[in-house]
Structures are given as C-alpha cells and as structure tokens.
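J.: Have a look at this one.
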Amino acid sequence: MTGQVPTTCVRCAVGCGHVQQAADQGYGLDLVRGDPSHPVNRGLACQRGVDETANPDGEWLTRPLVRANGELTATTWDVALTAAAEGIAAAAERDPDSVAVLGSGQQTNEAAYALGKLARAGIGTRHYDANTTLCMASAVTAYYDAFGSDAPPPTYDDVPEAETHLVWGANPAAAHPVMFRWIADSADDAGSELVVVDPVESETAEMADAHVAPDPGTDLALARAVLARLVDRGRVDDAFVERATTGFAALRDALPDAADAAATAGVSLDAVDRLAAALERDALLYWGMGVNQSVQGTATAGALVDLCLASGNLGPGTGPFSLTGQANSMGTRVCSSKGTWPGHRSFDDPEARGRVAEAWSVDPSVLPDDPGPGPVGIVDAVDDGPVEVCWTVATNPAAGLPDAGRARELLDDAFLVVQDAFRSETVEHADVVLPAATWGETEGTVTNMERRVSRVRAATDTPSGVWSDLDIVAAVAARVAPGLLDRPPVDPEAVFDEFAALTAGTPADLSGITYDRLDAAGAVRWPAPDAASEGGYRYHDDGDWSFPTPSGRARFSTASHGGLPEPPDEEYPLTLTTARSPDAYNTGVRTRSGDPPAARVSPATAAAFDGDVAGEGGDDRRVTVVSRRGSVDAAVSVDEGVPDGVVWLPIHHPAVNDLTLPATDPRSDEPNFKQCAVRLATPDGTAERAKGVPQ
C-alpha cells in the first residue's frame, strides 16, 4: 500500500482522526499523525496513540497455533479453524450455553456485530460478553434508569460551553489526553474551573482548581452528601425538577444527613460545599472507571446523574458525561448483541426479539432469553456451570479479569480458543490461537464516546498468516452455522449496511449512515435516521425535555452507600486502589516493558512498613503487595498524593489483577476492580503482616 490513509485512532474512545502511511518495505506503519480534516480532533493527537499505533512493544502473532503435547505449535489456517470450530460445534450441540464467547471494545463495529450474531443466533449462547461489562455497564444501567436510554446526553460540542468541569473518579489527563486538552482549555477561560474528585492526586487532579479526596469506595456517600447540601441550602433547581423529572420527593426523603455522609466519605463539610457550589453553575459532570468498577457502580453513577438533575444541569453545555474506556465500547453497546439487541433493542421485548430473529433468518427460540452474566459469571460457569469451551476475541481475561489467578485456572479447564494480534497472557493457556489484524491493518468503523461513527482503514498489508477479526469470525461461522454469515473474505461495508438497517427506528438509529457518508463527512453522530440528520444533545429540544421513559420524564434514584465489599482488617490492613497510568492500556499488550508495576504509597505508609522504603532507596526499592487472592512484586513510589493506608497500582499492568476482588455490581455485573484489602511484605516474605499501617 502507498499514500497517506485517513483513519481513526483506536487507543481510547475519544475517536481522533489519524492519517497513517505504510512503511516503504515490508509491513507496518511509517507515519502516524492527527488528521486536520477529521471533525472530532481537527489534527490533535496524543503521543500515546501515535506510539502505540506505530510502534507497539508486544510480541506479534503471525501464524495460527494449536496445542500439541502441551506446546503451542504453528499450523495452517485450515487446521486451526477446523479445531476451533469442531470444539465449539460439539459443545453447542450438547448445550448452546456450554460455549462462552468474550469479545472486546477493540473490535470494529462490523466484527463485533458479526461475533454477536454468531454467538447469539449461530451458537445460541447466553454466555457472551463484548467487554462493556468490564468498563461501562454501570453507567449504561444508570442511564437507562434515569433516561430510559443508553449513552451520554452531552457531546464534545458542550465542553467549551461549560463553566464547571467536575471530573469524578476519572483521570482523562492520562486516559483521554486529547479530550482533556479541551476540558483544560475550557477550564482556563475566565470564570470557569476544573474540580476533581479522586482518592489520590492524579494527573488530572494536579491541574485542578480544587481536588476533593474521598476515602476509596465512598463515592456514593459523597454524592449523597452533596445532594443533601444542595437541598439544605435551597439550591435545587425546583423549576427543572418539577417540569422534567419524577421521583425527587422520594430521593429527598431518603437522603442522609450531609455531615454524616461527609464523615462516611472521609471529607469535610467544607469539601462537600465546594462540590455543591461547583454544581450551582453550568456544569459538565464526567465520570469513569473509579465510579463504574464497583459493587456500587450503578448506584453511584445514578447518584451523579441525580446531582445533574437536581441542580438543573441538563441541556447544552451541561450534564452527565460518562467517559468510555476502550475505543469501540460505545459501538459494541449498539451493535454487538451483548446487553441489548442491535440498536439498543431490549432483550425483554418480544417484538424486538422477533425483529432480530427475522433479520437473521432464525427462529426466535434460538436466541437466548437474557444477556448473560458478564465476564466474571461466564468464567465462573467453567467451574460450576455448563461452560466447556471459551472463545476470546481481542481481549485478555487471563490478565484483565479480577482475581486473575483463579481466572487462569478456570481457563485451563476449558477448551480455549484465542483470537488476538499479540501474544497475551491468555494465549499461553490456549488450545487454538487465531492471529488477527490490528490497528492500521483493518477496514471497518468504530463509534466514539460521544456517539460518532467514523471509518478505520488499512494503511498497511498484513503477513499472509494474519486475518482480520471479521474474516476469522466468518470462517468460524461457516463451519459452525453455515449460511449465517458470508464466507471470508467478507465485505465490511455490506456488514455495516446490514446492522445499520437493523437499527432503524430504534433510539440508536444508524440507518442514515453509510460508508459514502462517512467518507464525505469524516464522522457522523447517531441517532442518524436519514442521510441528512445527525444527533446532538439528547433529550433536549428548543428548551424542552423529553425522555424515552413511560412518563416522558427523567427519573431520580434512591440508593444509599453500602460499604466496601472487602474492607481492611488486622490481617490485610491497607486498601488497594487501581487506576490508569499514561503509559499503558488494555492490559498493556502494546506497551510491554517487563518492569514491575509501581506501587504508590504515602510517606507514612512507607515508613510504617519499612523506614528504608521511605528514604532515598533509588530504583531498586521493592515491595510485595499481598491480597487474599494473590501477590504482586512492585517498585515502590513514595507519593504524598496518595492517602495514608492506601496502595495505588496501575490497573493495566498484567500482574495487578491477581490481587483484585471478583465481587460484582448486583445490577450491572461490573467487577469491583477499584478497592480490596491488602498488606505489604518484603519480596522475600519476611516482613510482618501488620506492617504498613500508619499510626
């Protein structure tokens, strides 16, 4: 291939346009830069997205592999596909739910749609997930609770219009650098501000006008304290509440005393008042994994939406804005048949089920009755349920699931098919490995966090042993469910047209989007029910509000703080919190340094463990972080931005989830990645277990 190719960066969900150019010789990319013509970023690009696209550090998979005599050995595509398909088909014939499929927000819309169609209609399994349960499910559930529909009401157009940027449980400076540039620029305007809620001083908090640091896992208590304070001070937007919402009286009656809730969160009443004051202006309230990845994730996300509703922050320049993680998490929510059928059609709606079955030419009885239990429940079903076969696509559960050591043991008990571009931890447990194309090699589309669909294009060829995700899914389907999908090579545009047509008339209507339109416009935001329309701020039109709920009004929630699922105790006296770092993403498969993770601890925590750790020990300072599930060796980083009694570790390091807790939110099934009880030990295990607790 030659020439510069316009495409979309798929490192995160901002959806920046890129221009890429193939290397003069062989495979790979020689040029990656921002695309000035793309409507999302107008040429801006973060160095992380550029570097991880052009020069990933992971070990590439270039040939299909099968396990023979305990070892993975190279083979042909026909042998590998036959082995994978025979394992899937034999299990599905006994029981469709004995086959598990785990997809990813790293797939294109087209590949995600095809995988969901095969999982739900070709195999018929309920044990299917598309990654969103690991990052966005709590926000999704909260949006449905409040608005009757998924996805944020605001768009990027609202960022420069806001007076307050309230970032809660997120670190966009590290996770979404281009979007953070817009936030920071707006916050620098006269009369504007950036306020951050985070237990630790993150890169975003360092740049904030105010930083409130609640105790880990107490965000729901803090949110309720803020709302109680708005009520106490008479700062609720009564006119908006009366005109556009329902359920506020019940919520008001259920609110805790503001001072008591502040104490639960470990913050002062002055800090609560600072957050309440921030919401008295035109505010965008952003949140991320620090809220979602919790047993209280849905309730906390709902409480943040409640703050927007009660303060009248719903409409252009304001509102609740969940920050999506993986590049195509929004797309998989629309098209992959994970939590809903394509177009956000409900699993509970028989008419929707019939429409999908008709489009796919299958009997409705073939389709599963519910969306399934999420990745933690799926892997558990290897141990105590029907799952015998697991097929993972562009995801790394051996490192990315909580209590990852147990996940690896269970994956070893299943017939495991791994489809990926890199040799991940999950590959090492596979029975069949299918090497897939990756960034810069793939044709299709993705959907960013503000609902904009844009093209991804191949700028470079791939080795002959590597296929696209879409073609691999189609090849498996040809053997497992003949006739369900076209045989490879599959035309991505035809697949896009199929699923776009299936979304017609739904809240997430993409039927007015085509490849030709995307080529001309660069990106189009749904809902787009015809060739001339494009979605903007949702639920608001000419000063009025309308929501797809039975009453036509937005709904308040009433949940209250319920405590940590695993609080510290005498044996494990510290609290682990995990978060993103600027230098790794998606279990770090593209940024493998081989270095241990950095454990950030306060000077007092370090001194209580070992006085030498708090001193000038250089880069060789090491500690072992131990939980009830595993242990991880880490480099010590003494950091005054971390509270006493807390250990911070980067979630995307492949070792960290050996520690984390597999408890999940009871409504969204999202895991509680963010807090668990740990202790510190010396790498040789000689330190006393009670050390590391500041006195």
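Residue numbering restarts at 1 in every chain; chains get A, B, ... in the order shown in the structure tokens, and ligands count up from 1 in that same order.
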Can you pull out the residues contacting A:Ala301? Cut-off 7 Å, using only C-alpha atoms, and skip same-chain residues under 5 positions away; I want them as a list in words.
T.: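 That gives Ser138, Ala139, Ala142, Val291 and Asn292 of chain A.
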J.: Keeping only N, CA and C atoms, write those residues as a PDB file, in the first residue's frame.
T.:
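Result file is part.pdb:
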```pdb
ATOM      1  N   SER A 138     -22.095  -0.223  34.359  1.00  0.00           N
ATOM      2  CA  SER A 138     -22.739   0.514  35.443  1.00  0.00           C
ATOM      3  C   SER A 138     -23.286   1.849  34.945  1.00  0.00           C
ATOM      4  N   ALA A 139     -22.524   2.544  34.108  1.00  0.00           N
ATOM      5  CA  ALA A 139     -23.013   3.793  33.524  1.00  0.00           C
ATOM      6  C   ALA A 139     -24.214   3.532  32.631  1.00  0.00           C
ATOM      7  N   ALA A 142     -27.274   2.952  34.752  1.00  0.00           N
ATOM      8  CA  ALA A 142     -27.719   4.209  35.351  1.00  0.00           C
ATOM      9  C   ALA A 142     -28.407   5.102  34.324  1.00  0.00           C
ATOM     10  N   VAL A 291     -15.819   5.187  39.287  1.00  0.00           N
ATOM     11  CA  VAL A 291     -17.220   5.071  39.691  1.00  0.00           C
ATOM     12  C   VAL A 291     -17.800   3.742  39.235  1.00  0.00           C
ATOM     13  N   ASN A 292     -17.610   3.408  37.963  1.00  0.00           N
ATOM     14  CA  ASN A 292     -18.287   2.247  37.385  1.00  0.00           C
ATOM     15  C   ASN A 292     -17.821   0.920  37.949  1.00  0.00           C
TER      16      ASN A 292
END
```
J.: Taking the backbone alone, and naming residues the way the document does, which bits of stretch 436-675 of chain A are alpha helix (DSSP H) by DSSP, as a PyMOL selection string?
T.: chain A and resi 469-480+492-502+515-521+603-609+611-614
J.: Measure the distance from atom CA of A:Asp363 to atom CA of A:Glu86 in Å and round it to one decimal.
T.: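 Interatomic distance, atom CA of A:Asp363 to atom CA of A:Glu86: 23.3 Å.
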J.: Which residues of stretch 82-155 of chain A come within 10 Å of stretch 477-500 of chain A, and what is each one's closest atom pair and distance in Å (one decimal), counting only C-alpha atoms, sorted by chain and residue number, as a Markdown table?
T.:
```
| residue | atom | partner | partner_atom | distance |
| --- | --- | --- | --- | --- |
| A:Thr82 | CA | A:Arg479 | CA | 7.6 |
| A:Ala84 | CA | A:Arg479 | CA | 9.4 |
| A:Ala85 | CA | A:Val480 | CA | 5.9 |
| A:Glu86 | CA | A:Val480 | CA | 7.7 |
| A:Gly87 | CA | A:Val480 | CA | 9.6 |
| A:Ile88 | CA | A:Val480 | CA | 7.3 |
| A:Ala89 | CA | A:Val480 | CA | 5.6 |
| A:Ala90 | CA | A:Val480 | CA | 9.2 |
| A:Ala92 | CA | A:Val480 | CA | 9.1 |
| A:Thr108 | CA | A:Pro492 | CA | 9.4 |
| A:Asn109 | CA | A:Phe496 | CA | 7.5 |
| A:Glu110 | CA | A:Phe496 | CA | 5.8 |
| A:Ala111 | CA | A:Pro492 | CA | 8.3 |
| A:Tyr113 | CA | A:Phe499 | CA | 7.1 |
| A:Ala114 | CA | A:Leu485 | CA | 7.5 |
| A:Leu115 | CA | A:Ala477 | CA | 8.9 |
| A:Lys117 | CA | A:Leu484 | CA | 8.2 |
| A:Leu118 | CA | A:Ala477 | CA | 6.4 |
| A:Ala119 | CA | A:Ala477 | CA | 9.3 |
| A:Ala121 | CA | A:Leu484 | CA | 8.2 |
| A:Gly122 | CA | A:Ala481 | CA | 5.2 |
| A:Ile123 | CA | A:Ala481 | CA | 7.4 |
```
J.: Suppose we keep all heavy atoms; can you now write the selection as a short mmCIF file (atom, residue, chain, number, x, y, z; two decimals), in the first residue's frame?
T.:
```
data_model
loop_
_atom_site.label_atom_id
_atom_site.label_comp_id
_atom_site.auth_asym_id
_atom_site.auth_seq_id
_atom_site.Cartn_x
_atom_site.Cartn_y
_atom_site.Cartn_z
N THR A 82 -10.50 -25.55 11.82
CA THR A 82 -11.23 -26.81 12.00
C THR A 82 -11.24 -27.22 13.46
O THR A 82 -12.28 -27.62 14.01
CB THR A 82 -10.63 -27.91 11.13
OG1 THR A 82 -10.74 -27.53 9.75
CG2 THR A 82 -11.34 -29.23 11.35
N ALA A 84 -10.87 -25.25 16.11
CA ALA A 84 -11.70 -24.32 16.86
C ALA A 84 -13.18 -24.60 16.63
O ALA A 84 -13.98 -24.69 17.58
CB ALA A 84 -11.37 -22.88 16.48
N ALA A 85 -13.56 -24.75 15.37
CA ALA A 85 -14.98 -24.93 15.04
C ALA A 85 -15.51 -26.26 15.55
O ALA A 85 -16.65 -26.33 16.03
CB ALA A 85 -15.16 -24.82 13.53
N GLU A 86 -14.72 -27.31 15.47
CA GLU A 86 -15.19 -28.61 15.95
C GLU A 86 -15.41 -28.56 17.46
O GLU A 86 -16.39 -29.13 17.98
CB GLU A 86 -14.19 -29.70 15.58
CG GLU A 86 -14.22 -30.06 14.09
CD GLU A 86 -13.23 -31.15 13.73
OE1 GLU A 86 -12.37 -31.49 14.59
OE2 GLU A 86 -13.30 -31.67 12.59
N GLY A 87 -14.52 -27.89 18.20
CA GLY A 87 -14.71 -27.77 19.64
C GLY A 87 -15.95 -26.98 19.98
O GLY A 87 -16.73 -27.36 20.87
N ILE A 88 -16.17 -25.87 19.27
CA ILE A 88 -17.35 -25.04 19.52
C ILE A 88 -18.62 -25.79 19.13
O ILE A 88 -19.60 -25.82 19.90
CB ILE A 88 -17.23 -23.71 18.74
CG1 ILE A 88 -16.10 -22.85 19.32
CG2 ILE A 88 -18.55 -22.95 18.75
CD1 ILE A 88 -15.73 -21.66 18.47
N ALA A 89 -18.64 -26.40 17.96
CA ALA A 89 -19.85 -27.05 17.46
C ALA A 89 -20.24 -28.24 18.32
O ALA A 89 -21.43 -28.45 18.61
CB ALA A 89 -19.65 -27.48 16.01
N ALA A 90 -19.26 -29.04 18.73
CA ALA A 90 -19.58 -30.22 19.54
C ALA A 90 -20.19 -29.81 20.88
O ALA A 90 -21.16 -30.41 21.35
CB ALA A 90 -18.33 -31.06 19.75
N ALA A 92 -21.71 -26.89 21.55
CA ALA A 92 -23.00 -26.23 21.32
C ALA A 92 -24.10 -27.23 21.03
O ALA A 92 -25.26 -27.01 21.38
CB ALA A 92 -22.87 -25.24 20.17
N THR A 108 -13.88 -3.70 15.50
CA THR A 108 -14.70 -2.77 14.74
C THR A 108 -16.17 -3.06 14.99
O THR A 108 -16.55 -4.13 15.49
CB THR A 108 -14.41 -2.89 13.24
OG1 THR A 108 -14.78 -4.21 12.81
CG2 THR A 108 -12.96 -2.63 12.92
N ASN A 109 -17.03 -2.11 14.62
CA ASN A 109 -18.47 -2.36 14.67
C ASN A 109 -18.84 -3.60 13.88
O ASN A 109 -19.67 -4.41 14.32
CB ASN A 109 -19.23 -1.16 14.11
CG ASN A 109 -19.20 0.05 15.01
OD1 ASN A 109 -19.38 -0.05 16.22
ND2 ASN A 109 -18.96 1.21 14.43
N GLU A 110 -18.22 -3.75 12.72
CA GLU A 110 -18.57 -4.86 11.84
C GLU A 110 -18.19 -6.20 12.45
O GLU A 110 -18.98 -7.16 12.43
CB GLU A 110 -17.88 -4.67 10.48
CG GLU A 110 -18.37 -3.48 9.69
CD GLU A 110 -17.80 -2.14 10.17
OE1 GLU A 110 -16.97 -2.12 11.11
OE2 GLU A 110 -18.18 -1.11 9.59
N ALA A 111 -16.98 -6.29 13.01
CA ALA A 111 -16.55 -7.54 13.62
C ALA A 111 -17.36 -7.84 14.88
O ALA A 111 -17.70 -8.99 15.15
CB ALA A 111 -15.06 -7.48 13.95
N TYR A 113 -20.46 -6.88 15.50
CA TYR A 113 -21.80 -7.30 15.08
C TYR A 113 -21.79 -8.75 14.62
O TYR A 113 -22.66 -9.55 15.00
CB TYR A 113 -22.28 -6.40 13.95
CG TYR A 113 -23.57 -6.85 13.30
CD1 TYR A 113 -24.80 -6.65 13.92
CD2 TYR A 113 -23.56 -7.49 12.06
CE1 TYR A 113 -25.98 -7.08 13.33
CE2 TYR A 113 -24.73 -7.91 11.46
CZ TYR A 113 -25.94 -7.71 12.09
OH TYR A 113 -27.10 -8.13 11.51
N ALA A 114 -20.80 -9.11 13.81
CA ALA A 114 -20.72 -10.48 13.30
C ALA A 114 -20.50 -11.48 14.43
O ALA A 114 -21.11 -12.56 14.45
CB ALA A 114 -19.60 -10.59 12.26
N LEU A 115 -19.64 -11.13 15.39
CA LEU A 115 -19.38 -12.04 16.51
C LEU A 115 -20.65 -12.22 17.35
O LEU A 115 -20.99 -13.34 17.75
CB LEU A 115 -18.26 -11.49 17.38
CG LEU A 115 -17.83 -12.38 18.55
CD1 LEU A 115 -17.22 -13.69 18.05
CD2 LEU A 115 -16.84 -11.65 19.46
N LYS A 117 -23.77 -11.84 16.35
CA LYS A 117 -24.73 -12.59 15.55
C LYS A 117 -24.42 -14.08 15.61
O LYS A 117 -25.33 -14.92 15.78
CB LYS A 117 -24.70 -12.08 14.11
CG LYS A 117 -25.72 -12.71 13.18
CD LYS A 117 -25.63 -12.07 11.79
CE LYS A 117 -26.63 -12.69 10.81
NZ LYS A 117 -26.53 -12.07 9.46
N LEU A 118 -23.14 -14.43 15.51
CA LEU A 118 -22.76 -15.84 15.59
C LEU A 118 -23.01 -16.39 16.99
O LEU A 118 -23.56 -17.49 17.16
CB LEU A 118 -21.29 -16.01 15.20
CG LEU A 118 -20.70 -17.41 15.36
CD1 LEU A 118 -21.50 -18.46 14.59
CD2 LEU A 118 -19.23 -17.42 14.92
N ALA A 119 -22.61 -15.62 18.03
CA ALA A 119 -22.77 -16.11 19.40
C ALA A 119 -24.24 -16.31 19.75
O ALA A 119 -24.62 -17.35 20.31
CB ALA A 119 -22.13 -15.13 20.38
N ALA A 121 -27.13 -16.14 17.58
CA ALA A 121 -28.01 -16.84 16.64
C ALA A 121 -27.42 -18.12 16.07
O ALA A 121 -28.14 -19.08 15.81
CB ALA A 121 -28.38 -15.91 15.48
N GLY A 122 -26.10 -18.14 15.88
CA GLY A 122 -25.47 -19.33 15.33
C GLY A 122 -25.17 -20.39 16.37
O GLY A 122 -25.35 -21.59 16.14
N ILE A 123 -24.72 -19.93 17.54
CA ILE A 123 -24.44 -20.84 18.66
C ILE A 123 -25.63 -20.86 19.62
O ILE A 123 -26.02 -21.91 20.12
CB ILE A 123 -23.16 -20.40 19.39
CG1 ILE A 123 -21.95 -20.48 18.45
CG2 ILE A 123 -22.92 -21.26 20.64
CD1 ILE A 123 -20.68 -19.84 19.00
#
```
J.: Give me the residues near A:Ala13 as a count of residues only, where near means some atom within 7 Å (using only C-alpha atoms) and where sequence neighbours in that chain fewer than 6 positions away do not count.
T.: 7
J.: List as a list in words the protein and nucleic acid residues near stretch 521-529 of chain A, meaning an atom at most 8 Å away when only C-alpha atoms are counted, but skip any in the same chain fewer than 3 places from it.
T.: Ser37, His38, Pro39, Val40, Glu450, Arg451, Arg452, Val453, Ser454, Arg455, Ala504, Gly505, Pro507, Ala508, Asp509, Leu510, Ser511, Gly512, Ile513, Arg517, Leu518, Ala532, Ser533, Glu534, Gly535 and Gly536 of chain A
J.: Can you tell me how far atom CA of A:Gly297 sits from atom CA of A:Ser192, in Å to one decimal?
T.: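 Between atom CA of A:Gly297 and atom CA of A:Ser192 the gap works out to 28.7 Å.
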J.: Can you tell me, as number ranges by chain, what residues are no more than 9 Å from A:Trp77 when counting only C-alpha atoms, ignoring any on the same chain fewer than 2 positions away?
T.: A: 63-65, 75, 79-82, 434, 465
J.: Can you build me a table of stretch 384-495 of chain A residues sitting at most 10 Å from stretch 648-664 of chain A, with the closest atom pair per residue and its distance in Å to one decimal, using only C-alpha atoms, sorted by chain and residue number, as JSON lines?
T.:
```
{"residue": "A:Asn396", "atom": "CA", "partner": "A:Pro654", "partner_atom": "CA", "distance": 9.2}
{"residue": "A:Pro397", "atom": "CA", "partner": "A:Asn657", "partner_atom": "CA", "distance": 9.9}
{"residue": "A:Ala398", "atom": "CA", "partner": "A:Pro654", "partner_atom": "CA", "distance": 8.5}
{"residue": "A:Ala399", "atom": "CA", "partner": "A:Pro654", "partner_atom": "CA", "distance": 5.1}
{"residue": "A:Gly400", "atom": "CA", "partner": "A:Asn657", "partner_atom": "CA", "distance": 6.5}
{"residue": "A:Leu401", "atom": "CA", "partner": "A:Asn657", "partner_atom": "CA", "distance": 6.5}
{"residue": "A:Pro402", "atom": "CA", "partner": "A:Thr660", "partner_atom": "CA", "distance": 5.0}
{"residue": "A:Asp403", "atom": "CA", "partner": "A:Asp658", "partner_atom": "CA", "distance": 5.0}
{"residue": "A:Ala404", "atom": "CA", "partner": "A:Asp658", "partner_atom": "CA", "distance": 4.7}
{"residue": "A:Gly405", "atom": "CA", "partner": "A:Asp658", "partner_atom": "CA", "distance": 5.4}
{"residue": "A:Arg406", "atom": "CA", "partner": "A:Asp658", "partner_atom": "CA", "distance": 8.2}
{"residue": "A:Ala407", "atom": "CA", "partner": "A:Asp658", "partner_atom": "CA", "distance": 9.2}
{"residue": "A:Arg408", "atom": "CA", "partner": "A:Asp658", "partner_atom": "CA", "distance": 9.8}
{"residue": "A:Ser424", "atom": "CA", "partner": "A:Pro654", "partner_atom": "CA", "distance": 9.2}
{"residue": "A:Glu425", "atom": "CA", "partner": "A:Pro654", "partner_atom": "CA", "distance": 7.9}
```
J.: If you run DSSP on the backbone here, which positions in stretch 37-207 of chain A get strand (DSSP E)? Please write them as a VMD selection string.
T.: chain A and resid 65 to 68 71 to 74 99 to 102 128 to 129 164 to 168 193 to 197
J.: Quick one: residues within 6 Å of stretch 54-58 of chain A, only C-alpha atoms counted, chain neighbours fewer than 4 positions away excluded, as a PyMOL selection string?
T.: chain A and resi 29+589-592
J.: May I ask for the distance between atom CA of A:Ser464 and atom CA of A:Trp60, given in Å to one decimal place?
T.: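 Taking atom CA of A:Ser464 and atom CA of A:Trp60, their separation equals 13.3 Å.
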J.: If we count only C-alpha atoms, what is near stretch 193-197 of chain A at a cut-off of 6 Å, once residues fewer than 4 positions away on the same chain are taken out, given as a VMD selection string?
T.: chain A and resid 164 to 168 187 205 208 to 213
J.: Include N, CA and C atoms and write out the residues we just selected as a compact mmCIF listing (two decimals), in the first residue's frame.
T.:
```txt
# COMPACT_ATOMS: atom_id res chain seq x y z
N THR A 164 -18.24 24.84 34.76
CA THR A 164 -17.60 23.92 35.69
C THR A 164 -17.37 22.59 35.00
N HIS A 165 -16.16 22.09 35.13
CA HIS A 165 -15.83 20.73 34.67
C HIS A 165 -15.54 19.91 35.92
N LEU A 166 -16.50 19.09 36.31
CA LEU A 166 -16.39 18.28 37.52
C LEU A 166 -16.06 16.86 37.11
N VAL A 167 -14.82 16.44 37.35
CA VAL A 167 -14.33 15.13 36.95
C VAL A 167 -14.30 14.24 38.18
N TRP A 168 -15.09 13.16 38.15
CA TRP A 168 -15.32 12.34 39.35
C TRP A 168 -14.91 10.90 39.05
N ALA A 187 -11.61 25.11 31.02
CA ALA A 187 -11.49 25.47 32.44
C ALA A 187 -10.58 26.68 32.65
N ALA A 205 -6.00 15.68 38.70
CA ALA A 205 -6.15 16.43 39.96
C ALA A 205 -5.04 17.45 40.14
N ALA A 208 -6.11 20.71 38.71
CA ALA A 208 -7.45 21.17 39.07
C ALA A 208 -7.41 22.44 39.92
N ASP A 209 -8.50 23.19 39.87
CA ASP A 209 -8.69 24.33 40.77
C ASP A 209 -9.05 23.86 42.17
N ALA A 210 -9.66 22.68 42.26
CA ALA A 210 -9.99 22.10 43.56
C ALA A 210 -9.96 20.58 43.42
N HIS A 211 -9.48 19.90 44.46
CA HIS A 211 -9.40 18.44 44.48
C HIS A 211 -10.00 17.95 45.79
N VAL A 212 -11.03 17.14 45.70
CA VAL A 212 -11.65 16.52 46.86
C VAL A 212 -11.28 15.04 46.85
N ALA A 213 -10.75 14.55 47.95
CA ALA A 213 -10.22 13.18 48.02
C ALA A 213 -11.02 12.35 49.01
```
J.: Pick from A:Ala22, A:Leu304, A:Ala421, A:Ala475: nearest to A:Thr460, with only C-alpha atoms counted?
T.: A:Ala22
J.: From the options A:Gly317, A:Gly290, A:Gly116, A:Gly563, which residue's atoms come nearest to A:Met136, counting only C-alpha atoms?
T.: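 Closest candidate: A:Gly290.
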J.: Considering only C-alpha atoms, can you say which of A:Glu670, A:Asp519, A:Asp583, A:Asp129 comes closest to A:Gln47?
T.: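 For A:Gln47, the nearest of the candidates is A:Asp583.
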